[in-house]
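Source file: model.txt; contents: compact mmCIF, C-alpha atoms and all ligand atoms.
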# COMPACT_ATOMS: atom_id res chain seq x y z
CA MET A 391 94.66 51.80 62.27
CA PRO A 392 96.22 54.72 64.15
CA GLY A 393 95.28 55.02 67.79
CA SER A 394 93.41 51.74 68.16
CA ALA A 395 93.81 48.02 67.60
CA PRO A 396 91.53 46.41 65.00
CA ARG A 397 88.25 45.24 66.48
CA PRO A 398 88.00 41.45 66.76
CA LEU A 399 86.17 39.50 64.09
CA VAL A 400 82.66 38.52 65.19
CA ILE A 401 80.23 36.14 63.48
CA ALA A 402 76.67 36.71 64.67
CA PRO A 403 74.06 34.21 63.46
CA SER A 404 70.60 35.75 63.10
CA ILE A 405 67.95 33.71 64.91
CA LEU A 406 65.41 35.02 62.37
CA ALA A 407 66.49 32.21 60.04
CA SER A 408 66.24 29.48 62.69
CA ASP A 409 63.40 27.03 63.34
CA PHE A 410 61.10 29.04 65.64
CA SER A 411 59.45 25.85 66.91
CA LYS A 412 62.66 25.05 68.85
CA LEU A 413 64.36 28.33 69.64
CA GLY A 414 66.22 27.10 72.72
CA ASP A 415 67.75 24.22 70.76
CA GLU A 416 68.69 26.52 67.89
CA VAL A 417 70.42 29.02 70.21
CA ARG A 418 72.39 26.19 71.83
CA ALA A 419 73.27 24.73 68.43
CA VAL A 420 74.73 27.96 67.00
CA ASP A 421 76.52 28.63 70.28
CA GLN A 422 78.16 25.19 70.09
CA ALA A 423 78.81 25.66 66.37
CA GLY A 424 81.06 28.68 67.03
CA ALA A 425 78.87 31.78 67.02
CA ASP A 426 80.50 34.75 68.73
CA TRP A 427 77.26 36.67 69.30
CA ILE A 428 73.58 35.77 68.89
CA HIS A 429 71.78 38.33 66.68
CA LEU A 430 68.12 38.91 67.54
CA ASP A 431 65.93 40.67 64.96
CA VAL A 432 62.93 42.40 66.49
CA MET A 433 60.30 43.56 63.96
CA ASP A 434 57.05 45.39 64.62
CA GLY A 435 55.10 45.36 61.33
CA HIS A 436 55.30 49.17 61.33
CA PHE A 437 58.94 50.23 60.98
CA VAL A 438 59.45 47.17 58.77
CA PRO A 439 56.86 45.12 56.87
CA ASN A 440 57.21 41.99 59.02
CA ILE A 441 56.65 40.92 62.63
CA SER A 442 59.08 38.65 64.47
CA PHE A 443 59.37 38.40 68.27
CA GLY A 444 59.63 40.57 71.37
CA PRO A 445 61.31 40.71 74.78
CA ASP A 446 59.55 37.70 76.31
CA VAL A 447 60.86 35.44 73.55
CA ILE A 448 64.39 36.81 74.03
CA LYS A 449 64.05 36.17 77.77
CA ALA A 450 63.10 32.57 76.99
CA MET A 451 66.21 32.15 74.79
CA ARG A 452 68.55 33.75 77.34
CA PRO A 453 69.28 30.67 79.52
CA HIS A 454 70.40 28.71 76.44
CA SER A 455 73.66 30.61 75.80
CA LYS A 456 76.16 32.76 77.68
CA LYS A 457 77.21 34.53 74.48
CA ILE A 458 76.48 38.16 73.76
CA PHE A 459 72.84 38.81 72.86
CA ASP A 460 72.93 41.39 70.07
CA THR A 461 69.40 42.82 69.81
CA HIS A 462 68.52 44.66 66.60
CA LEU A 463 65.36 46.70 67.10
CA MET A 464 63.46 47.36 63.88
CA ILE A 465 60.66 49.06 65.75
CA ALA A 466 59.24 52.57 66.03
CA PRO A 467 58.92 54.00 68.55
CA CYS A 468 61.75 52.20 70.35
CA ASP A 469 62.13 54.22 73.55
CA PRO A 470 59.13 52.72 75.41
CA TYR A 471 60.58 49.20 75.00
CA LEU A 472 64.29 49.67 75.73
CA GLU A 473 64.00 48.68 79.38
CA ALA A 474 62.10 45.50 78.51
CA PHE A 475 64.79 44.44 76.02
CA ALA A 476 67.51 45.22 78.59
CA LYS A 477 65.72 43.15 81.26
CA ALA A 478 65.19 40.31 78.79
CA GLY A 479 68.97 39.81 78.69
CA SER A 480 70.22 41.84 75.73
CA ASP A 481 73.88 42.86 75.97
CA ILE A 482 73.85 45.18 72.95
CA ILE A 483 70.72 47.09 71.94
CA THR A 484 70.71 48.65 68.48
CA VAL A 485 68.15 51.19 67.34
CA HIS A 486 67.62 52.58 63.85
CA ALA A 487 68.62 56.15 63.05
CA GLU A 488 65.35 56.37 61.08
CA ALA A 489 63.12 55.10 63.92
CA GLY A 490 62.45 58.41 65.62
CA PRO A 491 63.36 62.06 65.98
CA HIS A 492 65.47 61.69 69.15
CA LEU A 493 68.27 59.25 68.37
CA HIS A 494 70.63 60.78 70.91
CA ARG A 495 68.05 60.26 73.67
CA SER A 496 67.51 56.60 72.71
CA LEU A 497 71.26 55.90 72.81
CA GLN A 498 71.61 57.66 76.17
CA ALA A 499 68.74 55.56 77.52
CA ILE A 500 70.40 52.31 76.38
CA ARG A 501 73.66 53.24 78.10
CA ALA A 502 71.78 54.33 81.23
CA LEU A 503 70.34 50.79 81.34
CA GLY A 504 73.94 49.50 81.46
CA LYS A 505 73.91 48.07 77.94
CA LYS A 506 76.06 48.67 74.86
CA ALA A 507 74.39 51.06 72.44
CA GLY A 508 74.20 50.49 68.70
CA VAL A 509 72.84 52.57 65.86
CA SER A 510 71.70 51.12 62.54
CA LEU A 511 71.43 52.70 59.11
CA ASN A 512 69.05 51.58 56.37
CA PRO A 513 70.55 51.37 52.87
CA ALA A 514 68.99 54.74 51.98
CA THR A 515 70.48 56.57 54.97
CA PRO A 516 73.91 58.19 54.53
CA ALA A 517 76.74 57.73 57.03
CA ALA A 518 76.57 61.45 57.83
CA ALA A 519 73.23 60.88 59.58
CA ILE A 520 75.03 59.49 62.64
CA GLU A 521 78.06 61.76 62.79
CA HIS A 522 76.52 63.67 65.71
CA VAL A 523 76.17 60.50 67.83
CA ILE A 524 79.54 58.90 67.07
CA ASP A 525 80.66 59.30 70.70
CA MET A 526 77.40 57.79 71.96
CA VAL A 527 77.73 54.39 70.29
CA ASP A 528 79.54 51.11 70.84
CA LEU A 529 78.39 49.66 67.53
CA ILE A 530 77.26 50.83 64.09
CA LEU A 531 75.07 48.38 62.16
CA VAL A 532 75.11 48.88 58.40
CA MET A 533 72.07 47.34 56.72
CA SER A 534 73.10 45.75 53.45
CA VAL A 535 69.51 44.83 52.59
CA ASN A 536 66.27 46.69 53.26
CA PRO A 537 65.31 45.37 56.70
CA GLY A 538 62.33 43.10 57.22
CA PHE A 539 63.26 39.75 55.75
CA GLY A 540 66.08 37.25 55.64
CA GLY A 541 67.43 35.75 52.45
CA GLN A 542 67.80 38.93 50.38
CA ALA A 543 70.76 39.80 48.15
CA PHE A 544 73.61 41.98 49.47
CA ILE A 545 73.43 45.60 48.24
CA PRO A 546 76.98 46.44 47.03
CA SER A 547 76.78 50.17 47.87
CA ALA A 548 76.99 49.14 51.54
CA LEU A 549 80.74 48.60 51.03
CA GLU A 550 81.52 52.27 50.48
CA LYS A 551 79.38 53.18 53.48
CA ILE A 552 81.29 50.69 55.65
CA SER A 553 84.64 52.27 54.65
CA HIS A 554 83.30 55.74 55.31
CA LEU A 555 82.01 54.73 58.76
CA ARG A 556 85.24 52.92 59.67
CA ALA A 557 87.13 56.13 58.89
CA MET A 558 84.59 58.16 60.87
CA ALA A 559 84.98 55.82 63.86
CA ALA A 560 88.79 55.72 63.73
CA GLY A 561 90.43 55.77 67.14
CA ARG A 562 87.18 54.83 68.92
CA PRO A 563 86.29 51.34 70.23
CA ILE A 564 83.33 50.95 67.87
CA ASP A 565 82.27 47.69 66.24
CA ILE A 566 81.07 48.00 62.65
CA GLU A 567 78.50 45.31 61.95
CA VAL A 568 76.94 44.36 58.63
CA ASP A 569 73.54 42.73 58.26
CA GLY A 570 71.87 41.29 55.17
CA GLY A 571 73.09 38.99 52.43
CA VAL A 572 76.27 37.98 54.26
CA THR A 573 77.65 34.74 52.79
CA PRO A 574 81.14 33.26 52.37
CA ASP A 575 81.15 35.06 48.98
CA THR A 576 80.37 38.56 50.30
CA ALA A 577 82.22 38.24 53.66
CA ALA A 578 85.69 39.00 52.28
CA LYS A 579 84.64 42.29 50.66
CA ILE A 580 82.72 43.27 53.79
CA ALA A 581 85.72 42.62 56.06
CA ALA A 582 88.11 44.31 53.63
CA ALA A 583 85.90 47.43 53.69
CA GLY A 584 86.36 47.65 57.47
CA ALA A 585 83.47 45.82 59.12
CA ASN A 586 84.42 43.44 61.96
CA ALA A 587 81.03 42.00 62.93
CA LEU A 588 79.11 39.95 60.38
CA VAL A 589 75.46 38.97 60.87
CA ALA A 590 74.26 35.99 58.86
CA GLY A 591 70.86 34.32 58.91
CA SER A 592 70.21 32.05 55.95
CA ALA A 593 73.90 31.42 55.28
CA VAL A 594 74.30 30.02 58.82
CA PHE A 595 71.04 28.11 59.29
CA LYS A 596 70.96 26.34 55.94
CA GLY A 597 71.30 22.61 56.47
CA GLY A 598 69.38 22.62 59.74
CA THR A 599 71.88 20.72 61.91
CA GLU A 600 74.60 21.77 64.35
CA GLY A 601 77.18 20.21 62.04
CA ALA A 602 75.94 22.29 59.11
CA TYR A 603 75.91 25.45 61.26
CA LYS A 604 79.52 24.79 62.24
CA ALA A 605 80.65 24.42 58.62
CA ASN A 606 78.61 27.47 57.58
CA ILE A 607 80.03 29.69 60.35
CA SER A 608 83.57 28.50 59.56
CA ALA A 609 83.17 29.30 55.88
CA ILE A 610 82.10 32.88 56.66
CA ARG A 611 84.80 33.26 59.31
CA ASN A 612 87.56 31.95 57.03
CA ALA A 613 86.57 34.28 54.20
CA ALA A 614 86.48 37.33 56.49
CA ALA A 615 89.67 36.38 58.37
CA GLY A 616 91.53 35.94 55.08
CA ALA A 617 90.57 39.46 54.02
CA ARG A 618 91.83 40.77 57.38
CA GLY A 619 95.16 39.05 56.85
CA GLU A 620 94.43 36.63 59.70
CA THR A 621 94.07 32.88 59.87
CA ALA A 622 90.74 31.82 61.36
C1 LIG B 1 66.89 41.68 58.12
C2 LIG B 1 67.54 41.27 59.43
C3 LIG B 1 68.69 40.37 59.24
C4 LIG B 1 68.38 39.07 58.56
C5 LIG B 1 69.57 38.70 57.72
O1 LIG B 1 65.94 42.65 58.37
O2 LIG B 1 67.99 42.41 60.15
O3 LIG B 1 69.42 40.14 60.46
O4 LIG B 1 68.08 38.04 59.44
O5 LIG B 1 69.25 37.59 56.97
P1 LIG B 1 70.20 37.04 55.82
O6 LIG B 1 71.52 36.76 56.46
O7 LIG B 1 69.48 35.80 55.41
O8 LIG B 1 70.26 38.09 54.77
ZN ZN B 2 69.42 42.18 62.02
Would you put the structure from the file into C-alpha cells?
Ligand code: DX5
Ligand code: ZN
Amino acid sequence: MPGSAPRPLVIAPSILASDFSKLGDEVRAVDQAGADWIHLDVMDGHFVPNISFGPDVIKAMRPHSKKIFDTHLMIAPCDPYLEAFAKAGSDIITVHAEAGPHLHRSLQAIRALGKKAGVSLNPATPAAAIEHVIDMVDLILVMSVNPGFGGQAFIPSALEKISHLRAMAAGRPIDIEVDGGVTPDTAAKIAAAGANALVAGSAVFKGGTEGAYKANISAIRNAAAGARGETA
C-alpha cells in the first residue's frame, strides 16, 4: 500500500458470546488463548433490539487483562456516556455513524478523552457516509451483520464496502475492523478485501474452554494470515 505499511492483523473475541456468569474468567481465558484485543459490545435496547452491559461491567472486566479494550457502542445517544466508557478502561471507543446527527462531535469527544476513536457502519450505510470524518478516526468498524445479536450469518456485500473503505483510508493509520459472522471460512475473504481487525464471538467461544478458544482463535488467524500472504 503506497505511503503506509499494512496494519497488523488483530483477532478480537467478542465477550458477547462468553458466559456472562464468569466474565473475569472468560476475559482471562481469551487473553491467554491469544486474543489481540477484547471486543466489548454495548447495546441499549433502543439503537439495537437487545440489551447487553454498560460501563460498570467493563470496569469489572478491566483488571483481568492488559490487552486493548475495544468498546463498540450500539447506543443512541452516545455522547452522554463517552466519559463513563473512557473511565471504565476502554482503549478504543467506537460509535455508530447512524447513532446521532453529530458524528464529528462524538469522535472529537472520544479523542479529547485520550482514547482512540472508531466509527461503525451498519450494513445499510454506504462508505461515503464517513468520508467527512476520515481524518477523525483511528478505526472503521464494518458491520457484516445487522447489529444486536451474535451468531448471525456474514452478509457478503460487506466485502465490497471493506475494499472501498481501505482505499478511502489509504496512507492513513486506520484499522479496518469487521464484525459479524466472522469464522475461519469467512476470515480469508475479509482479510483479502483489506480488513486487518476481525471480531469474532460465537466462532471463538464455541467449546467453552481455554483450549477450545486457543484453537478457535488460531483457526481464524491462520485463515486471515494466509490471505495476507503471511504465516501466522
Ligand atoms: C453484533 C456484535 C458482534 C457480535 C458478533 O451486534 O456487534 O460483535 O458479538 O458475533 P458473531 O461473531 O457470533 O457473529
Ligand atoms: Zn461488536
Legend entry - Å distance separating CA of Ser480 in chain A from CA of Glu620 in chain A, one decimal place: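 Calculated distance between CA of Ser480 in chain A and CA of Glu620 in chain A is 29.5 Å.
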Inset, instruction - Between A:Ala519, A:Ala423, A:Val438, A:Ala617, single out the one closest to ligand ZN 2 (chain B), counting only C-alpha atoms and all ligand atoms. - result: A:Val438
Inset, instruction - To one decimal in Å, tell me the separation between CA of Ala609 in chain A and CA of Pro574 in chain A. - result: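 Computing the Euclidean distance for CA of Ala609 in chain A and CA of Pro574 in chain A yields 5.7 Å.
Using only C-alpha atoms and all ligand atoms, the smallest distance between any of A:Arg452, A:His486, A:Arg556, A:Arg611 and ligand LIG 1 (chain B) comes from A:His486.
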Legend entry - Counting only C-alpha atoms, the option among A:Phe539, A:Glu473, A:Ala395, A:Val532 closest to Ser442 in chain A: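 Once distances to Ser442 in chain A are computed over only C-alpha atoms, the minimum belongs to A:Phe539.
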Legend entry - Environment of ligand LIG 1 (chain B) within 7 Å, counting only C-alpha atoms and all ligand atoms, reported as a list of chain:residue names: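 Residues satisfying the distance criterion: A:Ser404, A:Ile405, A:Leu406, A:Ala407, A:His429, A:Asp431, A:His462, A:Val535, A:Asn536, A:Pro537, A:Gly538, A:Phe539, A:Gly540, A:Gly541, A:Gln542, A:Ala543, A:Asp569, A:Gly570, A:Gly571, A:Val572, A:Val589, A:Ala590, A:Gly591, A:Ser592, A:Ala593.
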Inset, instruction - Quick one: everything within 10 Å of Ala517 in chain A, counting all atoms listed in the file, minus sequence neighbours fewer than 4 positions away in the same chain. Send it as a list in words. - result: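 After dropping sequence-adjacent residues, the list is Ser510, Leu511, Asn512, Pro513, Glu521, Ile530, Val532, Glu550, Lys551, Ile552, Ser553, His554, Leu555 and Met558 of chain A.
Each of A:Gly504, A:Leu549, A:Pro491, A:Ala466 was compared to Gly479 in chain A using all atoms listed in the file, and A:Gly504 turns out to be the nearest.
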Inset, instruction - Using CA of Pro403 in chain A and CA of Arg562 in chain A as the two end points, give the distance in Å to one decimal. - result: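 Taking CA of Pro403 in chain A as the start and CA of Arg562 in chain A as the end point, the length is 25.0 Å.
The smallest atom-to-atom distance between ligand ZN 2 (chain B) and any of A:Leu588, A:Gly597, A:Pro439, A:His492, using only C-alpha atoms and all ligand atoms, is found for A:Leu588.
Closest approach to ligand ZN 2 (chain B) among A:Met526, A:Ile483, A:Ala518, A:Ala502 is made by A:Ile483 (distances from only C-alpha atoms and all ligand atoms).
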Inset, instruction - Please provide the set of residues having any atom within 12 Å of Leu399 in chain A, restricted to all atoms listed in the file, with same-chain residues fewer than 3 positions apart removed, written as a ChimeraX atom specification. - result: /A:395-396,402,425-427,565-568,577-578,580-582,584-589,610-622
Inset, instruction - Tell me, as a count of residues only, which residues lie within 12 Å of Pro467 in chain A, counting only C-alpha atoms; anything in the same chain fewer than 5 positions away does not count. - result: 17
